[in-house]
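Structure file input_29.cif (mmCIF, C-alpha atoms and all ligand atoms) is printed below.
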```cif
data_model
loop_
_atom_site.label_atom_id
_atom_site.label_comp_id
_atom_site.auth_asym_id
_atom_site.auth_seq_id
_atom_site.Cartn_x
_atom_site.Cartn_y
_atom_site.Cartn_z
CA MET A 1046 106.26 81.02 100.41
CA SER A 1047 109.02 82.31 98.08
CA GLN A 1048 108.29 85.15 95.67
CA LEU A 1049 108.79 82.69 92.81
CA GLN A 1050 106.15 80.35 94.18
CA GLN A 1051 103.75 83.25 94.76
CA LEU A 1052 104.41 84.38 91.20
CA ARG A 1053 103.55 80.94 89.83
CA ASP A 1054 100.23 81.08 91.70
CA ALA A 1055 99.56 84.52 90.19
CA MET A 1056 100.50 83.24 86.72
CA ASN A 1057 98.07 80.40 87.17
CA ASP A 1058 95.32 82.86 88.14
CA ALA A 1059 96.15 84.97 85.06
CA GLY A 1060 95.94 81.89 82.82
CA VAL A 1061 99.52 81.99 81.51
CA HIS A 1062 101.92 79.04 81.36
CA ALA A 1063 105.07 81.15 81.32
CA LEU A 1064 106.18 84.70 82.06
CA TRP A 1065 108.93 86.67 80.32
CA VAL A 1066 110.31 89.12 82.90
CA SER A 1067 112.18 92.19 81.64
CA GLY A 1068 111.66 94.86 84.34
CA PRO A 1069 115.08 95.30 86.00
CA ALA A 1070 113.80 95.42 89.58
CA ASN A 1071 111.64 92.37 88.91
CA VAL A 1072 114.60 90.47 87.40
CA ARG A 1073 116.61 91.31 90.51
CA ALA A 1074 113.80 90.36 92.87
CA LEU A 1075 113.44 86.90 91.31
CA THR A 1076 117.14 86.11 90.91
CA GLY A 1077 119.34 88.38 93.06
CA PHE A 1078 121.37 89.26 89.92
CA SER A 1079 122.79 92.75 90.49
CA SER A 1080 122.99 93.86 86.82
CA PRO A 1081 119.32 93.28 86.05
CA GLU A 1082 119.21 95.81 83.19
CA ASP A 1083 121.18 93.20 81.24
CA GLY A 1084 119.11 90.25 82.38
CA ARG A 1085 115.77 88.64 81.57
CA VAL A 1086 113.98 85.79 83.33
CA LEU A 1087 111.70 83.14 81.91
CA VAL A 1088 109.45 81.65 84.59
CA THR A 1089 107.57 78.42 83.85
CA PRO A 1090 105.64 76.13 86.21
CA ASP A 1091 108.74 74.09 87.02
CA ALA A 1092 111.71 76.29 86.15
CA ALA A 1093 113.08 79.80 86.16
CA THR A 1094 116.05 80.77 84.00
CA LEU A 1095 118.14 83.92 84.08
CA TYR A 1096 119.24 85.00 80.60
CA THR A 1097 122.24 87.27 80.43
CA ASP A 1098 125.38 87.55 78.33
CA ALA A 1099 129.03 86.56 78.67
CA ARG A 1100 130.04 89.83 80.35
CA TYR A 1101 128.24 88.49 83.40
CA THR A 1102 129.13 84.77 83.40
CA VAL A 1103 130.96 84.91 86.72
CA GLN A 1104 128.70 87.51 88.32
CA ALA A 1105 125.55 85.62 87.39
CA ARG A 1106 126.98 82.35 88.71
CA GLU A 1107 127.92 84.02 91.99
CA GLU A 1108 124.69 85.93 92.52
CA SER A 1109 121.78 84.22 90.83
CA ARG A 1110 119.44 82.03 92.84
CA VAL A 1111 118.16 80.45 89.60
CA PRO A 1112 120.02 78.65 86.79
CA GLN A 1113 121.56 80.84 84.11
CA PHE A 1114 121.74 80.65 80.33
CA ILE A 1115 124.56 82.79 78.95
CA ALA A 1116 123.88 84.01 75.42
CA ARG A 1117 122.85 87.03 73.38
CA PRO A 1118 119.69 87.31 71.28
CA PRO A 1119 118.66 85.56 69.06
CA GLU A 1120 120.19 82.53 70.83
CA THR A 1121 118.47 83.65 74.03
CA PHE A 1122 115.03 83.39 72.44
CA GLN A 1123 115.84 80.21 70.52
CA HIS A 1124 116.75 78.49 73.79
CA ALA A 1125 113.18 78.87 75.04
CA ALA A 1126 111.31 78.60 71.75
CA ASP A 1127 110.58 74.86 71.77
CA ALA A 1128 109.22 74.85 75.32
CA LEU A 1129 106.89 77.77 74.56
CA LYS A 1130 105.21 76.36 71.44
CA GLY A 1131 101.44 76.52 71.79
CA GLN A 1132 101.72 78.15 75.25
CA ARG A 1133 100.23 81.35 76.62
CA VAL A 1134 103.27 83.44 77.53
CA GLY A 1135 102.84 86.56 79.65
CA PHE A 1136 105.11 89.56 79.28
CA GLU A 1137 105.43 92.72 81.38
CA ALA A 1138 103.50 95.38 79.50
CA GLU A 1139 105.13 98.20 81.51
CA HIS A 1140 108.65 97.01 80.81
CA LEU A 1141 108.78 95.56 77.29
CA THR A 1142 109.47 98.00 74.49
CA VAL A 1143 107.62 97.79 71.17
CA ALA A 1144 110.85 96.49 69.63
CA GLY A 1145 111.17 93.93 72.43
CA LEU A 1146 107.67 92.66 71.74
CA ASP A 1147 108.48 92.41 68.02
CA ASP A 1148 111.46 90.21 68.93
CA LEU A 1149 109.27 87.89 70.98
CA LYS A 1150 106.71 87.64 68.17
CA GLN A 1151 109.43 86.88 65.64
CA HIS A 1152 111.21 84.23 67.70
CA TRP A 1153 108.21 82.62 69.42
CA PRO A 1154 105.69 82.59 66.54
CA GLU A 1155 103.77 79.68 67.99
CA ALA A 1156 103.32 81.21 71.44
CA GLU A 1157 100.34 83.35 72.40
CA LEU A 1158 101.79 86.52 73.93
CA VAL A 1159 99.71 88.03 76.76
CA PRO A 1160 100.36 91.54 78.18
CA LEU A 1161 100.29 91.61 81.99
CA ARG A 1162 100.65 94.52 84.40
CA GLY A 1163 102.02 94.81 87.91
CA MET A 1164 102.20 91.08 88.59
CA ILE A 1165 105.64 91.05 90.24
CA GLN A 1166 105.40 94.65 91.52
CA GLY A 1167 102.35 93.51 93.51
CA LEU A 1168 104.30 90.70 95.15
CA ARG A 1169 107.22 93.02 95.89
CA GLN A 1170 105.07 95.26 98.09
CA LEU A 1171 105.38 92.77 100.95
CA LYS A 1172 109.01 92.65 101.97
CA MET A 1173 110.76 89.52 103.16
CA PRO A 1174 112.87 89.69 106.35
CA GLU A 1175 116.16 89.96 104.43
CA GLU A 1176 114.73 92.81 102.33
CA ILE A 1177 113.66 94.67 105.48
CA ARG A 1178 117.17 94.22 106.85
CA ALA A 1179 118.62 95.69 103.64
CA ILE A 1180 116.30 98.73 103.66
CA ARG A 1181 116.96 99.28 107.36
CA ALA A 1182 120.71 99.29 106.68
CA ALA A 1183 120.30 101.72 103.76
CA GLN A 1184 118.24 104.09 105.92
CA ALA A 1185 120.69 103.84 108.85
CA LEU A 1186 123.47 104.94 106.52
CA ALA A 1187 121.32 107.78 105.15
CA ASP A 1188 120.60 108.97 108.72
CA GLN A 1189 124.29 108.91 109.55
CA VAL A 1190 125.25 110.84 106.41
CA PHE A 1191 122.49 113.41 106.92
CA ASN A 1192 123.62 114.01 110.51
CA GLU A 1193 127.24 114.38 109.39
CA VAL A 1194 126.37 116.85 106.64
CA ARG A 1195 123.76 118.83 108.60
CA PRO A 1196 126.36 121.32 109.98
CA MET A 1197 127.22 122.29 106.38
CA ILE A 1198 123.72 123.69 105.81
CA VAL A 1199 124.46 127.30 106.67
CA ALA A 1200 124.17 130.71 105.05
CA GLY A 1201 126.79 131.03 102.29
CA ALA A 1202 126.83 127.31 101.38
CA ARG A 1203 125.85 126.24 97.87
CA GLU A 1204 123.11 123.63 97.47
CA LEU A 1205 125.24 121.53 95.17
CA ASP A 1206 128.14 121.35 97.61
CA ILE A 1207 125.79 119.90 100.20
CA ALA A 1208 124.48 117.37 97.68
CA LEU A 1209 128.00 116.45 96.61
CA GLU A 1210 129.05 115.88 100.21
CA ILE A 1211 126.05 113.60 100.74
CA GLU A 1212 126.82 111.63 97.56
CA THR A 1213 130.53 111.35 98.40
CA ARG A 1214 129.87 110.06 101.89
CA LEU A 1215 127.36 107.51 100.59
CA ARG A 1216 129.87 106.30 97.99
CA LYS A 1217 132.67 106.04 100.50
CA ALA A 1218 130.42 103.86 102.66
CA GLY A 1219 129.91 101.45 99.75
CA ALA A 1220 126.46 102.74 98.79
CA GLU A 1221 125.25 105.22 96.20
CA SER A 1222 122.67 107.94 96.06
CA ALA A 1223 119.23 106.42 95.46
CA PHE A 1224 118.34 109.48 93.31
CA GLY A 1225 119.73 112.92 92.52
CA VAL A 1226 119.89 114.59 95.95
CA ILE A 1227 117.26 117.29 96.39
CA VAL A 1228 118.56 120.41 98.13
CA ALA A 1229 116.04 123.21 97.63
CA SER A 1230 116.63 126.43 99.52
CA GLY A 1231 114.53 129.57 99.92
CA PRO A 1232 112.17 130.05 96.96
CA ARG A 1233 113.52 126.88 95.30
CA GLY A 1234 111.83 125.00 98.14
CA ALA A 1235 108.61 125.46 96.15
CA MET A 1236 109.89 122.80 93.71
CA PRO A 1237 109.12 119.31 95.11
CA HIS A 1238 111.89 117.86 92.91
CA GLY A 1239 114.31 120.79 93.27
CA HIS A 1240 117.59 119.00 92.62
CA ALA A 1241 120.59 120.82 94.09
CA SER A 1242 121.65 123.89 92.10
CA ALA A 1243 124.48 126.41 92.36
CA ARG A 1244 122.26 128.64 94.49
CA VAL A 1245 123.85 130.03 97.67
CA ILE A 1246 121.75 129.58 100.81
CA GLU A 1247 120.80 132.81 102.57
CA ASP A 1248 120.16 133.62 106.20
CA GLY A 1249 116.52 133.19 107.24
CA GLU A 1250 115.74 130.48 104.67
CA LEU A 1251 114.32 126.99 104.91
CA VAL A 1252 116.25 124.27 103.11
CA THR A 1253 114.62 121.01 102.04
CA VAL A 1254 116.97 118.02 101.76
CA ASP A 1255 115.52 114.83 100.26
CA MET A 1256 117.98 111.96 100.05
CA GLY A 1257 118.24 108.20 99.89
CA ALA A 1258 120.93 105.56 100.03
CA ARG A 1259 120.98 102.54 97.73
CA LEU A 1260 122.83 99.74 99.46
CA ASN A 1261 122.97 96.18 98.11
CA GLY A 1262 120.23 97.10 95.64
CA TYR A 1263 117.76 98.37 98.25
CA ASN A 1264 116.80 102.03 98.67
CA SER A 1265 115.91 104.39 101.45
CA ASP A 1266 114.09 107.74 101.17
CA MET A 1267 113.86 110.58 103.71
CA THR A 1268 113.31 114.34 103.70
CA ARG A 1269 114.13 116.95 106.30
CA THR A 1270 113.50 120.68 106.04
CA VAL A 1271 115.84 122.73 108.19
CA ALA A 1272 116.03 126.42 109.06
CA VAL A 1273 119.08 128.58 108.50
CA GLY A 1274 118.77 131.43 110.97
CA GLN A 1275 115.28 132.69 111.72
CA PRO A 1276 112.75 132.01 108.94
CA SER A 1277 109.72 134.25 108.35
CA ASP A 1278 106.58 133.77 110.43
CA GLU A 1279 104.81 132.58 107.27
CA MET A 1280 107.34 129.81 106.60
CA ARG A 1281 107.40 128.77 110.26
CA ARG A 1282 103.62 128.44 110.10
CA VAL A 1283 103.90 126.31 106.94
CA TYR A 1284 106.59 124.15 108.55
CA ASN A 1285 104.50 123.46 111.64
CA ALA A 1286 101.43 122.65 109.54
CA VAL A 1287 103.40 120.12 107.46
CA LEU A 1288 104.91 118.62 110.63
CA GLU A 1289 101.44 118.25 112.15
CA ALA A 1290 100.17 116.55 108.97
CA GLU A 1291 103.19 114.26 108.79
CA GLU A 1292 102.98 113.16 112.42
CA ALA A 1293 99.24 112.53 112.20
CA ALA A 1294 99.62 110.41 109.06
CA VAL A 1295 102.47 108.43 110.64
CA ARG A 1296 100.33 107.73 113.71
CA ALA A 1297 97.51 106.46 111.48
CA VAL A 1298 99.66 103.79 109.82
CA LYS A 1299 98.60 100.21 110.53
CA PRO A 1300 97.60 97.11 108.59
CA GLY A 1301 94.15 97.33 107.02
CA VAL A 1302 94.21 101.11 106.52
CA ARG A 1303 93.37 102.22 102.99
CA ALA A 1304 96.18 104.20 101.37
CA ALA A 1305 93.63 106.74 100.16
CA ASP A 1306 92.41 107.32 103.73
CA LEU A 1307 95.96 107.85 104.93
CA ASP A 1308 96.52 110.46 102.23
CA LYS A 1309 93.31 112.15 103.43
CA VAL A 1310 94.56 112.35 107.04
CA ALA A 1311 97.46 114.57 105.97
CA ARG A 1312 95.53 116.42 103.28
CA ASP A 1313 92.69 117.37 105.63
CA ILE A 1314 95.13 118.85 108.14
CA LEU A 1315 96.91 120.89 105.49
CA THR A 1316 93.57 121.99 104.05
CA GLY A 1317 92.56 123.12 107.54
CA HIS A 1318 95.65 125.34 107.53
CA GLY A 1319 94.73 126.75 104.10
CA LEU A 1320 97.47 124.68 102.45
CA GLY A 1321 95.41 122.02 100.65
CA GLU A 1322 96.26 123.41 97.20
CA ALA A 1323 99.91 123.75 98.20
CA PHE A 1324 100.18 119.99 98.89
CA ALA A 1325 100.93 119.26 95.26
CA HIS A 1326 101.64 115.52 95.32
CA SER A 1327 100.63 112.28 96.93
CA LEU A 1328 101.36 111.38 100.55
CA GLY A 1329 103.92 108.67 99.82
CA HIS A 1330 104.85 105.40 98.18
CA GLY A 1331 106.45 102.04 98.77
CA VAL A 1332 110.23 101.72 98.78
CA GLY A 1333 112.42 98.71 98.05
CA LEU A 1334 114.41 97.69 95.00
CA GLU A 1335 112.96 100.88 93.49
CA VAL A 1336 112.62 104.25 95.20
CA HIS A 1337 109.06 104.49 93.94
CA GLU A 1338 107.09 101.27 94.07
CA GLY A 1339 103.79 100.05 95.46
CA PRO A 1340 101.77 100.73 97.47
CA GLY A 1341 100.83 104.17 96.19
CA LEU A 1342 99.63 106.44 99.00
CA ARG A 1343 97.36 108.77 97.04
CA GLY A 1344 93.72 109.72 96.98
CA THR A 1345 92.91 107.47 94.03
CA SER A 1346 94.81 104.42 95.31
CA GLU A 1347 93.02 101.10 95.86
CA ASP A 1348 95.94 99.82 97.95
CA VAL A 1349 95.47 98.71 101.55
CA LEU A 1350 98.37 98.67 104.02
CA ALA A 1351 99.66 95.32 105.21
CA ALA A 1352 102.41 94.23 107.61
CA GLY A 1353 105.71 93.94 105.76
CA MET A 1354 105.22 96.98 103.53
CA VAL A 1355 107.87 99.72 103.61
CA ILE A 1356 106.41 103.13 102.84
CA THR A 1357 107.17 106.82 102.96
CA ILE A 1358 104.97 109.44 104.59
CA GLU A 1359 105.94 112.75 103.01
CA PRO A 1360 103.45 115.60 102.98
CA GLY A 1361 104.68 118.94 101.70
CA ALA A 1362 103.49 122.46 101.00
CA TYR A 1363 104.86 124.50 98.13
CA LEU A 1364 104.30 128.23 97.68
CA PRO A 1365 105.57 129.44 94.28
CA ASP A 1366 108.13 132.28 94.55
CA VAL A 1367 108.08 131.99 98.35
CA GLY A 1368 109.36 128.60 99.43
CA GLY A 1369 108.35 125.15 100.53
CA VAL A 1370 108.48 122.48 103.19
CA ARG A 1371 108.48 118.68 103.02
CA ILE A 1372 108.99 116.26 105.88
CA GLU A 1373 109.35 112.59 105.09
CA ASP A 1374 109.84 109.46 107.14
CA LEU A 1375 110.41 105.88 106.03
CA LEU A 1376 108.19 103.38 107.83
CA LEU A 1377 107.81 99.64 108.12
CA VAL A 1378 104.19 98.56 108.52
CA THR A 1379 104.13 96.05 111.39
CA GLU A 1380 101.44 93.65 112.69
CA ASP A 1381 100.33 96.19 115.30
CA GLY A 1382 101.10 99.48 113.60
CA TYR A 1383 104.39 100.80 112.33
CA GLU A 1384 108.07 101.27 113.00
CA VAL A 1385 109.76 104.48 111.87
CA LEU A 1386 113.01 103.51 110.14
CA SER A 1387 114.32 107.05 109.58
CA HIS A 1388 115.84 108.63 112.66
CA ALA A 1389 117.47 111.91 111.61
CA PRO A 1390 116.02 114.59 113.93
CA LYS A 1391 113.15 116.81 112.84
CA GLU A 1392 114.33 120.15 114.16
CA PRO A 1393 111.88 122.73 115.47
CA VAL A 1394 112.06 125.88 113.34
C1 LIG A 1401 113.43 111.95 92.55
S1 LIG A 1401 112.97 110.76 93.68
C2 LIG A 1401 112.07 111.72 94.84
C3 LIG A 1401 112.06 111.14 96.17
C4 LIG A 1401 111.08 111.87 97.04
N1 LIG A 1401 111.19 111.52 98.41
C5 LIG A 1401 109.68 111.63 96.57
O1 LIG A 1401 109.31 110.48 96.44
N2 LIG A 1401 108.89 112.66 96.33
C6 LIG A 1401 109.22 114.06 96.45
C7 LIG A 1401 107.98 114.78 96.03
C8 LIG A 1401 106.86 113.81 96.14
C9 LIG A 1401 107.50 112.47 95.99
C10 LIG A 1401 107.31 111.99 94.57
O2 LIG A 1401 106.20 111.53 94.27
O3 LIG A 1401 108.22 112.06 93.75
#
```
Take the structure from the file and write it as structure tokens.
Ligand SMILES: CSCC[C@H](N)C(=O)N1CCC[C@H]1C(=O)O
Amino acid sequence: MSQLQQLRDAMNDAGVHALWVSGPANVRALTGFSSPEDGRVLVTPDAATLYTDARYTVQAREESRVPQFIARPPETFQHAADALKGQRVGFEAEHLTVAGLDDLKQHWPEAELVPLRGMIQGLRQLKMPEEIRAIRAAQALADQVFNEVRPMIVAGARELDIALEIETRLRKAGAESAFGVIVASGPRGAMPHGHASARVIEDGELVTVDMGARLNGYNSDMTRTVAVGQPSDEMRRVYNAVLEAEEAAVRAVKPGVRAADLDKVARDILTGHGLGEAFAHSLGHGVGLEVHEGPGLRGTSEDVLAAGMVITIEPGAYLPDVGGVRIEDLLLVTEDGYEVLSHAPKEPV
């Protein structure tokens, strides 16, 4: 069943006749339009319309799987107003600004506006075959770029030169960086989001590189921590504990497993190594049109893994003023377990 048809079923369950979609990734998921920040979609029981403006007339015609209406507000809203009179119209509470809601109220005074959460994000958790192909291609490119740049990670190199090389190679291959490349060396490794700085890598340090490619709208996400020279015994111990936790969590991936239980697999191992407090974030997340999407792999998550999800497994341990380690793989949940999509080597330290 198409995502649009599944969405109509969900709208029916939520008791709305129509849905105004403004979240960029959701607009893209429903239409294929590649400038979704400048698009909106109105979904009704028998139609879906992409609203965008004249800058995108040709692009929308080429890309959109649904009919387009080219206009700017207020014409955009007026186009739909008659059909929405007396209807319950859902909107995406996470994606509509206060001003955006004011506009809807002003232009659709006879509609009942209903805030909804996570309706399309929920559907997006299960990837379709063409989406899996796109994520696989993005990760293959990320693996290739990581392997090409790996020899640059040596004592004397600056973090930001490594990040720039990764970004340049992704761009030359027709992709872009899915997020600001994280290159965190030595004590900066204690920052889970340590975006590359001007710091010069020193001998004996661990360097965490977290990178993703965005190709044809779909993202990848992978982290490797590598050693430059001989790291301290303490950091080698931390590395091996994180690796053990990562591999155990990967092995536990299969349909039906609760995301919270998966998080616990890794957390228990790190706790056993005295690193429970140092694991300062969740185990992972879904990846697709957004780098961070459902399911959420954290202790409080209600999500349950299902075949077709693409997830990260990325435990880490962060010791302030000392350093840190994170190891992350990208996985496809399959009918009988999982397939690891990220292939860059995990080097022994
Ligand atoms: C800035 S995007 C970060 C991508 C990264 N792989 C990631 O998802 N995380 C790094 C630390 C934990 C996790 C996160 O929740 O941000």
- Query: Which residues sit within 12 Å of ligand LIG 1401 (chain A), counting only C-alpha atoms and all ligand atoms, listed as a PyMOL selection string?
  - Reply: chain A and resi 1222-1229+1234-1241+1253-1258+1264-1269+1324-1332+1335-1339+1341-1343+1356-1363+1369-1375
- atom CA of Asp1348 of chain A to atom CA of Leu1307 of chain A, straight-line distance in Å: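 If I compute the distance from atom CA of Leu1307 of chain A to atom CA of Asp1348 of chain A, I get 10.6 Å.
The nearest approach to Pro1340 of chain A among the residues A:Lys1309, A:Arg1303, A:Arg1296, A:Arg1106, with all atoms listed in the file taken into account, belongs to A:Arg1303.
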- For atom CA of Pro1112 of chain A and atom CA of Val1088 of chain A, determine how far apart the two atoms are, in Å to one decimal place.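 For atom CA of Pro1112 of chain A relative to atom CA of Val1088 of chain A, the distance reads 11.2 Å.
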- Query: Hey, can you check how far atom CA of His1318 of chain A sits from atom CA of Ala1286 of chain A?
  - Reply: 6.7 Å
- Item | Polymer residues at most 9 Å from (121.0, 96.8, 91.4) by all atoms listed in the file, as a list in words |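 It turns out the residues near that spot are Pro1069, Ala1070, Arg1073, Gly1077, Phe1078, Ser1079, Ser1080, Pro1081, Glu1082, Arg1259, Leu1260, Asn1261, Gly1262, Tyr1263 and Leu1334 of chain A.
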Kindly export the residues of the current selection with C-alpha atoms, as a short mmCIF file (atom, residue, chain, number, x, y, z; two decimals), in the coordinates of the input.
```cif
data_model
loop_
_atom_site.label_atom_id
_atom_site.label_comp_id
_atom_site.auth_asym_id
_atom_site.auth_seq_id
_atom_site.Cartn_x
_atom_site.Cartn_y
_atom_site.Cartn_z
CA PRO A 1069 115.08 95.30 86.00
CA ALA A 1070 113.80 95.42 89.58
CA ARG A 1073 116.61 91.31 90.51
CA GLY A 1077 119.34 88.38 93.06
CA PHE A 1078 121.37 89.26 89.92
CA SER A 1079 122.79 92.75 90.49
CA SER A 1080 122.99 93.86 86.82
CA PRO A 1081 119.32 93.28 86.05
CA GLU A 1082 119.21 95.81 83.19
CA ARG A 1259 120.98 102.54 97.73
CA LEU A 1260 122.83 99.74 99.46
CA ASN A 1261 122.97 96.18 98.11
CA GLY A 1262 120.23 97.10 95.64
CA TYR A 1263 117.76 98.37 98.25
CA LEU A 1334 114.41 97.69 95.00
#
```
- Task: Anything within 6 Å of (111.7, 130.2, 100.7): list those residues as a list of chain:residue names, counting all atoms listed in the file and sticking to the file's coordinates.
- Result: A:Gly1231, A:Pro1232, A:Gly1234, A:Glu1250, A:Leu1251, A:Val1367, A:Gly1368
Keeping only C-alpha atoms, write those residues as a PDB file, in the frame of the given file.
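Wrote it out as selection_28.pdb, contents follow:
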```pdb
ATOM      1  CA  GLY A1231     114.530 129.570  99.920  1.00  0.00           C
ATOM      2  CA  PRO A1232     112.170 130.050  96.960  1.00  0.00           C
ATOM      3  CA  GLY A1234     111.830 125.000  98.140  1.00  0.00           C
ATOM      4  CA  GLU A1250     115.740 130.480 104.670  1.00  0.00           C
ATOM      5  CA  LEU A1251     114.320 126.990 104.910  1.00  0.00           C
ATOM      6  CA  VAL A1367     108.080 131.990  98.350  1.00  0.00           C
ATOM      7  CA  GLY A1368     109.360 128.600  99.430  1.00  0.00           C
TER       8      GLY A1368
END
```
- Hey, which of A:Lys1391, A:Asp1083, A:Glu1221, A:Arg1117 ends up closest to Gln1104 of chain A? Count all atoms listed in the file.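 The closest residue to Gln1104 of chain A is A:Asp1083.
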- Item | Leu1386 of chain A environment, 7 Å, all atoms listed in the file, sequence neighbours closer than 6 positions dropped, as a ChimeraX atom specification | /A:1181,1184,1375-1377
- Task: Point out the residue among A:Pro1174, A:Gly1145, A:Gly1135, A:Gly1344 with the least atom-to-atom distance to Pro1119 of chain A, counting all atoms listed in the file.
- Result: A:Gly1145
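The list of residues with at least one atom within 10 Å of Ala1128 of chain A, based on all atoms listed in the file and without residues fewer than 5 positions apart in the same chain, reads A:Ala1063, A:Thr1089, A:Gln1123, A:Trp1153, A:Ala1156.
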- Task: Find the spatial neighbours of Glu1155 of chain A, counting all atoms listed in the file, within a cut-off of 12 Å - ignore same-chain residues fewer than 3 positions away - and output them as number ranges by chain.
- Result: A: 1125-1134, 1149-1152, 1158
- Minimum-distance residue to Ala1092 of chain A, chosen among A:Glu1322, A:His1062, A:Gly1249, A:Ala1105 (using only C-alpha atoms): A:His1062
- Task: Would you mind listing what lies within 12 Å of Val1273 of chain A as a ChimeraX atom specification, with all atoms listed in the file counted and same-chain residues fewer than 4 positions away left out?
- Result: /A:1195-1202,1230-1231,1245-1253,1277,1280-1281,1392-1394
- Message: When you count only C-alpha atoms, which of these residues is closest to Gln1050 of chain A: A:Leu1087, A:Ala1093, A:Leu1209, A:Ala1389?
- Response: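 Smallest distance to Gln1050 of chain A is found for A:Ala1093.
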- Counting only C-alpha atoms, figure out which residue out of A:Asp1188, A:Asp1206, A:Asp1313, A:Glu1175 gets nearest to Arg1244 of chain A.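 The closest residue to Arg1244 of chain A is A:Asp1206.
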